[in-house]
Amino acid sequence: ERGDGKIDIIVDNAGFELVTDLALADHLIASGVAQVVTFQLKGHPTFVSDALEKDLLETVEHYSSLDPEKYPNAHAAGLRWQKYLDEGKWVCHEDNFWCQPNAMWEMPNPLRADLKERCDLAFVKGDANYRRLLGDRYWDYSAPFQDVVGCYFPCPVCSLRTLKAEVGCGMDEKQVERAKGLDDEWMVNGRFGVVQVGTGAE
């Protein structure tokens, strides 16, 4: 039902990508879709861009401290985001699993149980996280996302991915051929992306 959803965002990178994650979480709360948004963040930076809790908090602090005369919308967003954190509408959770190379189906039991019991929908962000959803293995591009990911993930899942590696699934064959015709490097150069949804394991 509207207003009581518990939604997670499995974050990938700090910087501008993290700002877009905050914008998504802002919309989920402001629209009434979610009561609580939990940010699943890296326990440590395997790559220099990996987003940690401190990155999120510092980003919110930066936006809230901007000059309201010069940047009124960004400043207002920062204040709103800080209020979400203070009120518990936004929650930060770090886990070392998010920065490991393991396939997502190897998720440790406590984390899996938490998502299964608490989370109504998890957004999985970024190419690296998408590759982990697929175990960084080659699948037929047309293999249904539900059969590859939705069948094992512990809760309903929505993957938001810009294509930067030659692994994928759940793509319409005609769209694949169209992309190939437009760009020889369509799978790796970030020109194309996918939004894919799975129901989660029963």
# chains A, B, ... in the order shown; residues from 1 in each chain; ligands from 1
call {"tool": "residues_around", "arguments": {"residues": "Ala74 in chain A", "least_positions_apart": "2", "cutoff": "12 Å", "atoms": "only C-alpha atoms", "output": "number ranges by chain"}}
result
A: 19, 22-23, 59-72, 76-81
call {"tool": "residues_around", "arguments": {"residues": "Asn129 in chain A", "least_positions_apart": "4", "cutoff": "10 Å", "atoms": "only C-alpha atoms", "output": "CSV table (one decimal) with all heavy atoms, in the first residue's frame"}}
result
chain,number,residue,atom,x,y,z
A,10,ILE,N,20.6,-0.5,-3.3
A,10,ILE,CA,21.9,-1.1,-3.2
A,10,ILE,C,22.8,-0.2,-4.1
A,10,ILE,O,22.8,-0.3,-5.3
A,10,ILE,CB,21.9,-2.6,-3.7
A,10,ILE,CG1,20.9,-3.4,-2.8
A,10,ILE,CG2,23.3,-3.1,-3.6
A,10,ILE,CD1,20.7,-4.8,-3.2
A,11,VAL,N,23.6,0.6,-3.4
A,11,VAL,CA,24.3,1.7,-4.0
A,11,VAL,C,25.6,1.2,-4.6
A,11,VAL,O,26.2,0.2,-4.2
A,11,VAL,CB,24.6,2.8,-2.9
A,11,VAL,CG1,25.5,3.9,-3.5
A,11,VAL,CG2,23.3,3.3,-2.4
A,12,ASP,N,26.1,1.9,-5.6
A,12,ASP,CA,27.4,1.5,-6.3
A,12,ASP,C,28.4,2.6,-6.0
A,12,ASP,O,29.3,2.4,-5.2
A,12,ASP,CB,27.1,1.3,-7.8
A,12,ASP,CG,28.3,0.6,-8.5
A,12,ASP,OD1,29.3,0.2,-7.8
A,12,ASP,OD2,28.3,0.5,-9.7
A,98,TRP,N,28.7,-6.1,0.0
A,98,TRP,CA,28.5,-5.3,-1.2
A,98,TRP,C,29.8,-4.9,-1.9
A,98,TRP,O,29.7,-4.4,-3.0
A,98,TRP,CB,27.7,-4.0,-0.8
A,98,TRP,CG,26.4,-4.3,-0.1
A,98,TRP,CD1,26.0,-3.8,1.1
A,98,TRP,CD2,25.3,-5.1,-0.6
A,98,TRP,NE1,24.7,-4.3,1.4
A,98,TRP,CE2,24.3,-5.1,0.4
A,98,TRP,CE3,25.1,-5.8,-1.8
A,98,TRP,CZ2,23.1,-5.8,0.2
A,98,TRP,CZ3,23.9,-6.5,-2.0
A,98,TRP,CH2,22.9,-6.5,-1.0
A,99,CYS,N,30.9,-5.1,-1.3
A,99,CYS,CA,32.2,-4.8,-2.0
A,99,CYS,C,33.0,-6.0,-2.2
A,99,CYS,O,34.2,-5.9,-2.5
A,99,CYS,CB,33.0,-3.7,-1.2
A,99,CYS,SG,33.2,-4.0,0.5
A,101,PRO,N,33.6,-9.8,-4.4
A,101,PRO,CA,33.4,-10.3,-5.8
A,101,PRO,C,32.3,-11.4,-5.9
A,101,PRO,O,32.0,-11.8,-7.0
A,101,PRO,CB,34.7,-10.8,-6.2
A,101,PRO,CG,35.3,-11.3,-4.9
A,101,PRO,CD,34.8,-10.3,-3.9
A,103,ALA,N,29.0,-13.7,-6.3
A,103,ALA,CA,27.7,-13.6,-6.9
A,103,ALA,C,26.7,-13.3,-5.9
A,103,ALA,O,26.8,-13.6,-4.7
A,103,ALA,CB,27.4,-14.9,-7.6
A,104,MET,N,25.6,-12.6,-6.3
A,104,MET,CA,24.6,-12.2,-5.3
A,104,MET,C,23.9,-13.4,-4.7
A,104,MET,O,23.3,-13.3,-3.6
A,104,MET,CB,23.6,-11.2,-6.0
A,104,MET,CG,24.1,-9.9,-6.4
A,104,MET,SD,24.1,-8.8,-4.9
A,104,MET,CE,24.5,-7.2,-5.8
A,124,VAL,N,18.8,-2.3,-7.4
A,124,VAL,CA,20.2,-2.6,-7.6
A,124,VAL,C,20.8,-1.7,-8.6
A,124,VAL,O,20.4,-1.7,-9.8
A,124,VAL,CB,20.4,-4.1,-7.9
A,124,VAL,CG1,21.9,-4.4,-8.1
A,124,VAL,CG2,19.7,-5.0,-6.9
A,125,LYS,N,21.8,-0.9,-8.2
A,125,LYS,CA,22.3,0.2,-9.0
A,125,LYS,C,23.7,-0.2,-9.6
A,125,LYS,O,24.5,-0.8,-8.9
A,125,LYS,CB,22.5,1.5,-8.2
A,125,LYS,CG,21.1,2.1,-7.8
A,125,LYS,CD,20.4,2.7,-9.0
A,125,LYS,CE,21.3,3.7,-9.8
A,125,LYS,NZ,21.8,4.8,-9.0
A,133,LEU,N,24.8,-9.8,-9.9
A,133,LEU,CA,23.4,-10.4,-10.0
A,133,LEU,C,23.5,-11.6,-10.9
A,133,LEU,O,22.8,-12.6,-10.7
A,133,LEU,CB,22.4,-9.4,-10.5
A,133,LEU,CG,21.9,-8.4,-9.5
A,133,LEU,CD1,21.0,-7.4,-10.3
A,133,LEU,CD2,21.2,-9.0,-8.4
A,134,LEU,N,24.3,-11.5,-12.0
A,134,LEU,CA,24.4,-12.6,-13.0
A,134,LEU,C,25.6,-13.5,-12.7
A,134,LEU,O,26.0,-14.3,-13.5
A,134,LEU,CB,24.6,-12.0,-14.4
A,134,LEU,CG,23.3,-11.7,-15.2
A,134,LEU,CD1,22.4,-10.7,-14.4
A,134,LEU,CD2,23.6,-11.1,-16.5
A,135,GLY,N,26.3,-13.3,-11.5
A,135,GLY,CA,27.4,-14.1,-11.2
A,135,GLY,C,28.6,-13.8,-12.1
A,135,GLY,O,29.5,-14.6,-12.2
A,136,ASP,N,28.6,-12.7,-12.8
A,136,ASP,CA,29.6,-12.3,-13.8
A,136,ASP,C,29.8,-13.4,-14.8
A,136,ASP,O,30.9,-13.7,-15.3
A,136,ASP,CB,30.9,-11.9,-13.1
A,136,ASP,CG,31.6,-10.8,-13.8
A,136,ASP,OD1,31.1,-10.2,-14.8
A,136,ASP,OD2,32.8,-10.5,-13.4
A,159,SER,N,16.6,-3.8,-11.2
A,159,SER,CA,18.0,-3.4,-11.6
A,159,SER,C,18.0,-2.2,-12.5
A,159,SER,O,17.3,-2.2,-13.6
A,159,SER,CB,18.7,-4.6,-12.2
A,159,SER,OG,20.0,-4.3,-12.7
A,160,LEU,N,18.8,-1.2,-12.2
A,160,LEU,CA,19.1,-0.1,-13.0
A,160,LEU,C,20.5,-0.1,-13.4
A,160,LEU,O,21.4,0.1,-12.6
A,160,LEU,CB,18.7,1.2,-12.2
A,160,LEU,CG,17.4,1.3,-11.5
A,160,LEU,CD1,17.3,2.6,-10.7
A,160,LEU,CD2,16.3,1.2,-12.6
A,161,ARG,N,20.7,-0.3,-14.7
A,161,ARG,CA,22.1,-0.5,-15.2
A,161,ARG,C,22.4,0.2,-16.5
A,161,ARG,O,21.6,0.1,-17.5
A,161,ARG,CB,22.3,-2.0,-15.4
A,161,ARG,CG,23.7,-2.4,-15.9
A,161,ARG,CD,23.7,-3.6,-16.8
A,161,ARG,NE,25.1,-4.0,-17.2
A,161,ARG,CZ,25.4,-4.9,-18.1
A,161,ARG,NH1,24.4,-5.6,-18.7
A,161,ARG,NH2,26.6,-5.3,-18.3
call {"tool": "closest_residue", "arguments": {"among": "A:Val176, A:Ala51, A:Val197, A:Met187", "to": "Asn96 in chain A", "atoms": "only C-alpha atoms"}}
result
A:Ala51
call {"tool": "residues_around", "arguments": {"residues": "Asp127 in chain A", "least_positions_apart": "4", "cutoff": "7 Å", "atoms": "only C-alpha atoms", "output": "list in words"}}
result
Arg131, Arg161, Thr162, Leu163 and Lys164 of chain A
call {"tool": "residues_around", "arguments": {"residues": "Leu24 in chain A", "least_positions_apart": "3", "cutoff": "12 Å", "atoms": "only C-alpha atoms", "output": "list in words"}}
result
Ile7, Asp8, Ile9, Val11, Glu17, Leu18, Val19, Thr20, Asp21, His27, Leu28, Ile29, Ala30, Ser31, Val33, Ala34, Val37, Thr38, Phe39, Ala77, Trp81, Trp90, Phe123, Lys125 and Leu160 of chain A
call {"tool": "residues_around", "arguments": {"residues": "Gly168 in chain A", "least_positions_apart": "2", "cutoff": "10 Å", "atoms": "only C-alpha atoms", "output": "count of residues only"}}
result
21
call {"tool": "select_by_dssp", "arguments": {"residues": "range 19-115 of chain A", "states": "alpha helix (DSSP H)", "output": "VMD selection string"}}
result
chain A and resid 19 to 30 53 to 64 72 to 87 109 to 115
call {"tool": "closest_residue", "arguments": {"among": "A:Ala25, A:Gly126, A:Phe16, A:His93", "to": "Asp114 in chain A", "atoms": "only C-alpha atoms"}}
result
A:His93
call {"tool": "closest_residue", "arguments": {"among": "A:Gln40, A:Leu115, A:Arg178, A:Cys158", "to": "Phe192 in chain A", "atoms": "only C-alpha atoms"}}
result
A:Arg178
call {"tool": "select_by_dssp", "arguments": {"residues": "chain A", "states": "strand (DSSP E)", "output": "JSON list (two decimals) with all heavy atoms, in the first residue's frame"}}
result
[["chain", "number", "residue", "atom", "x", "y", "z"],
["A", 5, "GLY", "N", 5.70, 1.45, 2.30],
["A", 5, "GLY", "CA", 6.70, 0.61, 1.67],
["A", 5, "GLY", "C", 8.07, 0.75, 2.30],
["A", 5, "GLY", "O", 8.45, 1.83, 2.79],
["A", 6, "LYS", "N", 8.79, -0.34, 2.31],
["A", 6, "LYS", "CA", 10.18, -0.35, 2.79],
["A", 6, "LYS", "C", 11.04, -0.74, 1.60],
["A", 6, "LYS", "O", 11.01, -1.87, 1.14],
["A", 6, "LYS", "CB", 10.33, -1.32, 3.95],
["A", 6, "LYS", "CG", 9.53, -0.92, 5.19],
["A", 6, "LYS", "CD", 9.65, -1.95, 6.30],
["A", 6, "LYS", "CE", 8.88, -1.49, 7.53],
["A", 6, "LYS", "NZ", 7.43, -1.33, 7.27],
["A", 7, "ILE", "N", 11.79, 0.24, 1.10],
["A", 7, "ILE", "CA", 12.54, 0.08, -0.14],
["A", 7, "ILE", "C", 14.02, 0.26, 0.12],
["A", 7, "ILE", "O", 14.43, 1.16, 0.88],
["A", 7, "ILE", "CB", 12.04, 1.08, -1.20],
["A", 7, "ILE", "CG1", 10.58, 0.79, -1.54],
["A", 7, "ILE", "CG2", 12.91, 1.03, -2.45],
["A", 7, "ILE", "CD1", 9.96, 1.74, -2.54],
["A", 8, "ASP", "N", 14.83, -0.61, -0.48],
["A", 8, "ASP", "CA", 16.28, -0.51, -0.36],
["A", 8, "ASP", "C", 16.89, -0.06, -1.68],
["A", 8, "ASP", "O", 16.36, -0.39, -2.75],
["A", 8, "ASP", "CB", 16.89, -1.86, 0.02],
["A", 8, "ASP", "CG", 16.68, -2.21, 1.48],
["A", 8, "ASP", "OD1", 15.69, -1.71, 2.07],
["A", 8, "ASP", "OD2", 17.47, -3.00, 2.02],
["A", 9, "ILE", "N", 17.98, 0.68, -1.59],
["A", 9, "ILE", "CA", 18.77, 1.03, -2.75],
["A", 9, "ILE", "C", 20.17, 0.48, -2.52],
["A", 9, "ILE", "O", 20.86, 0.90, -1.58],
["A", 9, "ILE", "CB", 18.83, 2.54, -2.99],
["A", 9, "ILE", "CG1", 17.42, 3.11, -3.23],
["A", 9, "ILE", "CG2", 19.73, 2.87, -4.18],
["A", 9, "ILE", "CD1", 17.37, 4.62, -3.38],
["A", 10, "ILE", "N", 20.56, -0.51, -3.33],
["A", 10, "ILE", "CA", 21.90, -1.09, -3.23],
["A", 10, "ILE", "C", 22.82, -0.22, -4.08],
["A", 10, "ILE", "O", 22.79, -0.25, -5.30],
["A", 10, "ILE", "CB", 21.90, -2.56, -3.68],
["A", 10, "ILE", "CG1", 20.94, -3.36, -2.78],
["A", 10, "ILE", "CG2", 23.31, -3.15, -3.62],
["A", 10, "ILE", "CD1", 20.74, -4.79, -3.22],
["A", 34, "ALA", "N", 7.18, 5.12, -0.38],
["A", 34, "ALA", "CA", 7.96, 4.46, 0.67],
["A", 34, "ALA", "C", 7.83, 5.19, 2.01],
["A", 34, "ALA", "O", 7.77, 6.42, 2.05],
["A", 34, "ALA", "CB", 9.42, 4.39, 0.28],
["A", 35, "GLN", "N", 7.80, 4.41, 3.05],
["A", 35, "GLN", "CA", 7.87, 4.96, 4.41],
["A", 35, "GLN", "C", 9.31, 5.08, 4.85],
["A", 35, "GLN", "O", 9.70, 6.04, 5.51],
["A", 35, "GLN", "CB", 7.10, 4.04, 5.37],
["A", 35, "GLN", "CG", 7.09, 4.51, 6.81],
["A", 35, "GLN", "CD", 6.37, 3.53, 7.72],
["A", 35, "GLN", "OE1", 6.49, 2.31, 7.56],
["A", 35, "GLN", "NE2", 5.60, 4.04, 8.65],
["A", 36, "VAL", "N", 10.12, 4.09, 4.45],
["A", 36, "VAL", "CA", 11.54, 4.08, 4.80],
["A", 36, "VAL", "C", 12.34, 3.64, 3.58],
["A", 36, "VAL", "O", 11.96, 2.68, 2.89],
["A", 36, "VAL", "CB", 11.84, 3.11, 5.97],
["A", 36, "VAL", "CG1", 13.34, 3.05, 6.27],
["A", 36, "VAL", "CG2", 11.06, 3.51, 7.21],
["A", 37, "VAL", "N", 13.44, 4.34, 3.32],
["A", 37, "VAL", "CA", 14.40, 3.92, 2.30],
["A", 37, "VAL", "C", 15.71, 3.59, 3.00],
["A", 37, "VAL", "O", 16.26, 4.41, 3.73],
["A", 37, "VAL", "CB", 14.64, 5.02, 1.25],
["A", 37, "VAL", "CG1", 15.76, 4.61, 0.29],
["A", 37, "VAL", "CG2", 13.36, 5.30, 0.46],
["A", 38, "THR", "N", 16.20, 2.37, 2.79],
["A", 38, "THR", "CA", 17.48, 1.94, 3.35],
["A", 38, "THR", "C", 18.53, 1.93, 2.25],
["A", 38, "THR", "O", 18.33, 1.30, 1.21],
["A", 38, "THR", "CB", 17.37, 0.55, 3.99],
["A", 38, "THR", "OG1", 16.41, 0.59, 5.06],
["A", 38, "THR", "CG2", 18.71, 0.09, 4.54],
["A", 39, "PHE", "N", 19.62, 2.64, 2.49],
["A", 39, "PHE", "CA", 20.74, 2.63, 1.55],
["A", 39, "PHE", "C", 21.70, 1.53, 1.96],
["A", 39, "PHE", "O", 22.26, 1.55, 3.06],
["A", 39, "PHE", "CB", 21.47, 3.98, 1.58],
["A", 39, "PHE", "CG", 20.64, 5.14, 1.10],
["A", 39, "PHE", "CD1", 19.91, 5.91, 2.01],
["A", 39, "PHE", "CD2", 20.59, 5.47, -0.24],
["A", 39, "PHE", "CE1", 19.15, 6.98, 1.58],
["A", 39, "PHE", "CE2", 19.83, 6.54, -0.69],
["A", 39, "PHE", "CZ", 19.11, 7.30, 0.22],
["A", 40, "GLN", "N", 21.88, 0.55, 1.07],
["A", 40, "GLN", "CA", 22.85, -0.52, 1.30],
["A", 40, "GLN", "C", 24.19, -0.05, 0.72],
["A", 40, "GLN", "O", 24.34, 0.07, -0.50],
["A", 40, "GLN", "CB", 22.39, -1.81, 0.63],
["A", 40, "GLN", "CG", 21.09, -2.37, 1.18],
["A", 40, "GLN", "CD", 21.25, -3.01, 2.55],
["A", 40, "GLN", "OE1", 22.37, -3.18, 3.06],
["A", 40, "GLN", "NE2", 20.14, -3.39, 3.17],
["A", 41, "LEU", "N", 25.14, 0.21, 1.60],
["A", 41, "LEU", "CA", 26.41, 0.85, 1.22],
["A", 41, "LEU", "C", 27.58, -0.08, 1.46],
["A", 41, "LEU", "O", 27.50, -1.04, 2.24],
["A", 41, "LEU", "CB", 26.58, 2.15, 2.01],
["A", 41, "LEU", "CG", 25.49, 3.20, 1.72],
["A", 41, "LEU", "CD1", 25.14, 3.98, 2.97],
["A", 41, "LEU", "CD2", 25.94, 4.12, 0.61],
["A", 42, "LYS", "N", 28.69, 0.22, 0.80],
["A", 42, "LYS", "CA", 29.89, -0.61, 0.89],
["A", 42, "LYS", "C", 30.53, -0.47, 2.29],
["A", 42, "LYS", "O", 30.53, 0.61, 2.88],
["A", 42, "LYS", "CB", 30.91, -0.20, -0.17],
["A", 42, "LYS", "CG", 30.35, -0.03, -1.58],
["A", 42, "LYS", "CD", 29.91, -1.34, -2.21],
["A", 42, "LYS", "CE", 29.34, -1.15, -3.60],
["A", 42, "LYS", "NZ", 30.32, -0.86, -4.64],
["A", 90, "TRP", "N", 15.23, 7.82, 6.10],
["A", 90, "TRP", "CA", 16.38, 7.30, 5.38],
["A", 90, "TRP", "C", 17.28, 6.60, 6.39],
["A", 90, "TRP", "O", 17.59, 7.15, 7.46],
["A", 90, "TRP", "CB", 17.17, 8.42, 4.71],
["A", 90, "TRP", "CG", 16.59, 8.91, 3.42],
["A", 90, "TRP", "CD1", 15.39, 8.59, 2.86],
["A", 90, "TRP", "CD2", 17.20, 9.86, 2.53],
["A", 90, "TRP", "NE1", 15.21, 9.26, 1.68],
["A", 90, "TRP", "CE2", 16.30, 10.04, 1.45],
["A", 90, "TRP", "CE3", 18.40, 10.55, 2.53],
["A", 90, "TRP", "CZ2", 16.58, 10.90, 0.39],
["A", 90, "TRP", "CZ3", 18.68, 11.41, 1.48],
["A", 90, "TRP", "CH2", 17.78, 11.58, 0.41],
["A", 91, "VAL", "N", 17.72, 5.40, 6.06],
["A", 91, "VAL", "CA", 18.58, 4.60, 6.93],
["A", 91, "VAL", "C", 19.80, 4.16, 6.13],
["A", 91, "VAL", "O", 19.67, 3.75, 4.98],
["A", 91, "VAL", "CB", 17.83, 3.37, 7.48],
["A", 91, "VAL", "CG1", 18.75, 2.49, 8.31],
["A", 91, "VAL", "CG2", 16.60, 3.80, 8.28],
["A", 92, "CYS", "N", 20.97, 4.25, 6.75],
["A", 92, "CYS", "CA", 22.21, 3.79, 6.11],
["A", 92, "CYS", "C", 22.64, 2.47, 6.72],
["A", 92, "CYS", "O", 22.64, 2.32, 7.94],
["A", 92, "CYS", "CB", 23.33, 4.83, 6.29],
["A", 92, "CYS", "SG", 23.01, 6.40, 5.46],
["A", 93, "HIS", "N", 23.01, 1.53, 5.85],
["A", 93, "HIS", "CA", 23.49, 0.23, 6.33],
["A", 93, "HIS", "C", 24.69, -0.18, 5.50],
["A", 93, "HIS", "O", 24.61, -0.31, 4.28],
["A", 93, "HIS", "CB", 22.39, -0.83, 6.21],
["A", 93, "HIS", "CG", 22.85, -2.20, 6.58],
["A", 93, "HIS", "ND1", 23.15, -3.17, 5.65],
["A", 93, "HIS", "CD2", 23.09, -2.74, 7.80],
["A", 93, "HIS", "CE1", 23.54, -4.27, 6.28],
["A", 93, "HIS", "NE2", 23.51, -4.05, 7.58],
["A", 94, "GLU", "N", 25.83, -0.35, 6.16],
["A", 94, "GLU", "CA", 27.04, -0.81, 5.49],
["A", 94, "GLU", "C", 27.21, -2.31, 5.68],
["A", 94, "GLU", "O", 26.90, -2.85, 6.74],
["A", 94, "GLU", "CB", 28.28, -0.10, 6.04],
["A", 94, "GLU", "CG", 28.42, 1.35, 5.64],
["A", 94, "GLU", "CD", 29.75, 1.94, 6.08],
["A", 94, "GLU", "OE1", 30.37, 1.39, 7.00],
["A", 94, "GLU", "OE2", 30.16, 2.96, 5.49],
["A", 95, "ASP", "N", 27.73, -2.97, 4.63],
["A", 95, "ASP", "CA", 28.02, -4.40, 4.74],
["A", 95, "ASP", "C", 29.16, -4.72, 3.79],
["A", 95, "ASP", "O", 29.16, -4.25, 2.64],
["A", 95, "ASP", "CB", 26.79, -5.24, 4.40],
["A", 95, "ASP", "CG", 26.93, -6.68, 4.87],
["A", 95, "ASP", "OD1", 27.75, -7.42, 4.27],
["A", 95, "ASP", "OD2", 26.24, -7.07, 5.82],
["A", 121, "LEU", "N", 11.01, -3.90, -1.92],
["A", 121, "LEU", "CA", 11.63, -3.78, -3.24],
["A", 121, "LEU", "C", 13.05, -3.27, -3.07],
["A", 121, "LEU", "O", 13.28, -2.32, -2.31],
["A", 121, "LEU", "CB", 10.85, -2.79, -4.12],
["A", 121, "LEU", "CG", 11.46, -2.46, -5.49],
["A", 121, "LEU", "CD1", 11.46, -3.70, -6.40],
["A", 121, "LEU", "CD2", 10.72, -1.31, -6.16],
["A", 122, "ALA", "N", 13.99, -3.90, -3.78],
["A", 122, "ALA", "CA", 15.38, -3.45, -3.76],
["A", 122, "ALA", "C", 15.77, -2.97, -5.15],
["A", 122, "ALA", "O", 15.63, -3.71, -6.13],
["A", 122, "ALA", "CB", 16.31, -4.57, -3.32],
["A", 123, "PHE", "N", 16.23, -1.73, -5.22],
["A", 123, "PHE", "CA", 16.84, -1.23, -6.45],
["A", 123, "PHE", "C", 18.32, -1.60, -6.42],
["A", 123, "PHE", "O", 19.02, -1.27, -5.45],
["A", 123, "PHE", "CB", 16.70, 0.30, -6.55],
["A", 123, "PHE", "CG", 15.32, 0.77, -6.89],
["A", 123, "PHE", "CD1", 14.45, 1.20, -5.89],
["A", 123, "PHE", "CD2", 14.89, 0.81, -8.20],
["A", 123, "PHE", "CE1", 13.18, 1.65, -6.19],
["A", 123, "PHE", "CE2", 13.61, 1.25, -8.52],
["A", 123, "PHE", "CZ", 12.76, 1.67, -7.51],
["A", 124, "VAL", "N", 18.79, -2.28, -7.45],
["A", 124, "VAL", "CA", 20.20, -2.62, -7.55],
["A", 124, "VAL", "C", 20.81, -1.71, -8.60],
["A", 124, "VAL", "O", 20.43, -1.75, -9.77],
["A", 124, "VAL", "CB", 20.39, -4.11, -7.93],
["A", 124, "VAL", "CG1", 21.87, -4.44, -8.06],
["A", 124, "VAL", "CG2", 19.74, -5.00, -6.88],
["A", 125, "LYS", "N", 21.77, -0.89, -8.16],
["A", 125, "LYS", "CA", 22.31, 0.15, -9.02],
["A", 125, "LYS", "C", 23.68, -0.23, -9.56],
["A", 125, "LYS", "O", 24.50, -0.81, -8.87],
["A", 125, "LYS", "CB", 22.46, 1.46, -8.20],
["A", 125, "LYS", "CG", 21.14, 2.10, -7.79],
["A", 125, "LYS", "CD", 20.41, 2.70, -8.96],
["A", 125, "LYS", "CE", 21.27, 3.67, -9.76],
["A", 125, "LYS", "NZ", 21.80, 4.79, -8.99],
["A", 157, "VAL", "N", 13.00, -7.19, -6.93],
["A", 157, "VAL", "CA", 14.23, -6.49, -7.29],
["A", 157, "VAL", "C", 14.04, -5.74, -8.60],
["A", 157, "VAL", "O", 13.39, -6.23, -9.52],
["A", 157, "VAL", "CB", 15.40, -7.50, -7.39],
["A", 157, "VAL", "CG1", 15.10, -8.61, -8.37],
["A", 157, "VAL", "CG2", 16.70, -6.80, -7.76],
["A", 158, "CYS", "N", 14.62, -4.54, -8.65],
["A", 158, "CYS", "CA", 14.64, -3.74, -9.87],
["A", 158, "CYS", "C", 16.08, -3.33, -10.13],
["A", 158, "CYS", "O", 16.69, -2.64, -9.29],
["A", 158, "CYS", "CB", 13.75, -2.51, -9.74],
["A", 158, "CYS", "SG", 13.81, -1.42, -11.19],
["A", 159, "SER", "N", 16.62, -3.76, -11.25],
["A", 159, "SER", "CA", 18.00, -3.42, -11.59],
["A", 159, "SER", "C", 18.03, -2.23, -12.54],
["A", 159, "SER", "O", 17.33, -2.22, -13.56],
["A", 159, "SER", "CB", 18.69, -4.63, -12.25],
["A", 159, "SER", "OG", 19.99, -4.27, -12.67],
["A", 160, "LEU", "N", 18.84, -1.23, -12.19],
["A", 160, "LEU", "CA", 19.05, -0.05, -13.02],
["A", 160, "LEU", "C", 20.51, -0.08, -13.45],
["A", 160, "LEU", "O", 21.41, 0.09, -12.62],
["A", 160, "LEU", "CB", 18.75, 1.23, -12.23],
["A", 160, "LEU", "CG", 17.38, 1.31, -11.54],
["A", 160, "LEU", "CD1", 17.27, 2.60, -10.74],
["A", 160, "LEU", "CD2", 16.26, 1.21, -12.55],
["A", 161, "ARG", "N", 20.74, -0.29, -14.74],
["A", 161, "ARG", "CA", 22.11, -0.54, -15.20],
["A", 161, "ARG", "C", 22.41, 0.16, -16.52],
["A", 161, "ARG", "O", 21.63, 0.08, -17.46],
["A", 161, "ARG", "CB", 22.33, -2.04, -15.39],
["A", 161, "ARG", "CG", 23.72, -2.40, -15.89],
["A", 161, "ARG", "CD", 23.71, -3.57, -16.83],
["A", 161, "ARG", "NE", 25.07, -3.99, -17.19],
["A", 161, "ARG", "CZ", 25.36, -4.95, -18.06],
["A", 161, "ARG", "NH1", 24.39, -5.60, -18.66],
["A", 161, "ARG", "NH2", 26.61, -5.26, -18.35],
["A", 162, "THR", "N", 23.55, 0.84, -16.58],
["A", 162, "THR", "CA", 24.12, 1.30, -17.84],
["A", 162, "THR", "C", 25.10, 0.23, -18.30],
["A", 162, "THR", "O", 25.95, -0.21, -17.53],
["A", 162, "THR", "CB", 24.86, 2.64, -17.65],
["A", 162, "THR", "OG1", 23.93, 3.62, -17.19],
["A", 162, "THR", "CG2", 25.47, 3.11, -18.95],
["A", 193, "GLY", "N", 21.24, 1.26, -21.73],
["A", 193, "GLY", "CA", 20.98, 0.81, -20.36],
["A", 193, "GLY", "C", 19.75, -0.07, -20.31],
["A", 193, "GLY", "O", 19.00, -0.19, -21.29],
["A", 194, "VAL", "N", 19.53, -0.67, -19.15],
["A", 194, "VAL", "CA", 18.35, -1.52, -18.94],
["A", 194, "VAL", "C", 17.73, -1.23, -17.59],
["A", 194, "VAL", "O", 18.42, -0.86, -16.63],
["A", 194, "VAL", "CB", 18.70, -3.02, -19.04],
["A", 194, "VAL", "CG1", 19.13, -3.40, -20.45],
["A", 194, "VAL", "CG2", 19.77, -3.41, -18.03],
["A", 195, "VAL", "N", 16.43, -1.40, -17.54],
["A", 195, "VAL", "CA", 15.67, -1.42, -16.28],
["A", 195, "VAL", "C", 14.95, -2.75, -16.26],
["A", 195, "VAL", "O", 14.12, -3.03, -17.13],
["A", 195, "VAL", "CB", 14.65, -0.25, -16.19],
["A", 195, "VAL", "CG1", 13.86, -0.35, -14.90],
["A", 195, "VAL", "CG2", 15.37, 1.09, -16.30],
["A", 196, "GLN", "N", 15.28, -3.59, -15.29],
["A", 196, "GLN", "CA", 14.73, -4.95, -15.27],
["A", 196, "GLN", "C", 14.19, -5.28, -13.90],
["A", 196, "GLN", "O", 14.78, -4.91, -12.88],
["A", 196, "GLN", "CB", 15.83, -5.95, -15.67],
["A", 196, "GLN", "CG", 16.32, -5.72, -17.10],
["A", 196, "GLN", "CD", 17.50, -6.61, -17.47],
["A", 196, "GLN", "OE1", 18.41, -6.82, -16.68],
["A", 196, "GLN", "NE2", 17.50, -7.11, -18.70],
["A", 197, "VAL", "N", 13.06, -6.00, -13.87],
["A", 197, "VAL", "CA", 12.35, -6.26, -12.62],
["A", 197, "VAL", "C", 12.14, -7.76, -12.43],
["A", 197, "VAL", "O", 11.80, -8.47, -13.39],
["A", 197, "VAL", "CB", 10.99, -5.53, -12.61],
["A", 197, "VAL", "CG1", 10.21, -5.86, -11.33],
["A", 197, "VAL", "CG2", 11.19, -4.03, -12.73],
["A", 198, "GLY", "N", 12.36, -8.23, -11.20],
["A", 198, "GLY", "CA", 12.09, -9.61, -10.85],
["A", 198, "GLY", "C", 11.27, -9.68, -9.56],
["A", 198, "GLY", "O", 11.33, -8.76, -8.73]]
call {"tool": "atom_distance", "arguments": {"atom1": "CA of Ala113 in chain A", "atom2": "CA of Leu56 in chain A"}}
result
24.8 Å
call {"tool": "closest_residue", "arguments": {"among": "A:Asp4, A:Glu202, A:Asp86, A:Asp120", "to": "Gln146 in chain A", "atoms": "only C-alpha atoms"}}
result
A:Glu202
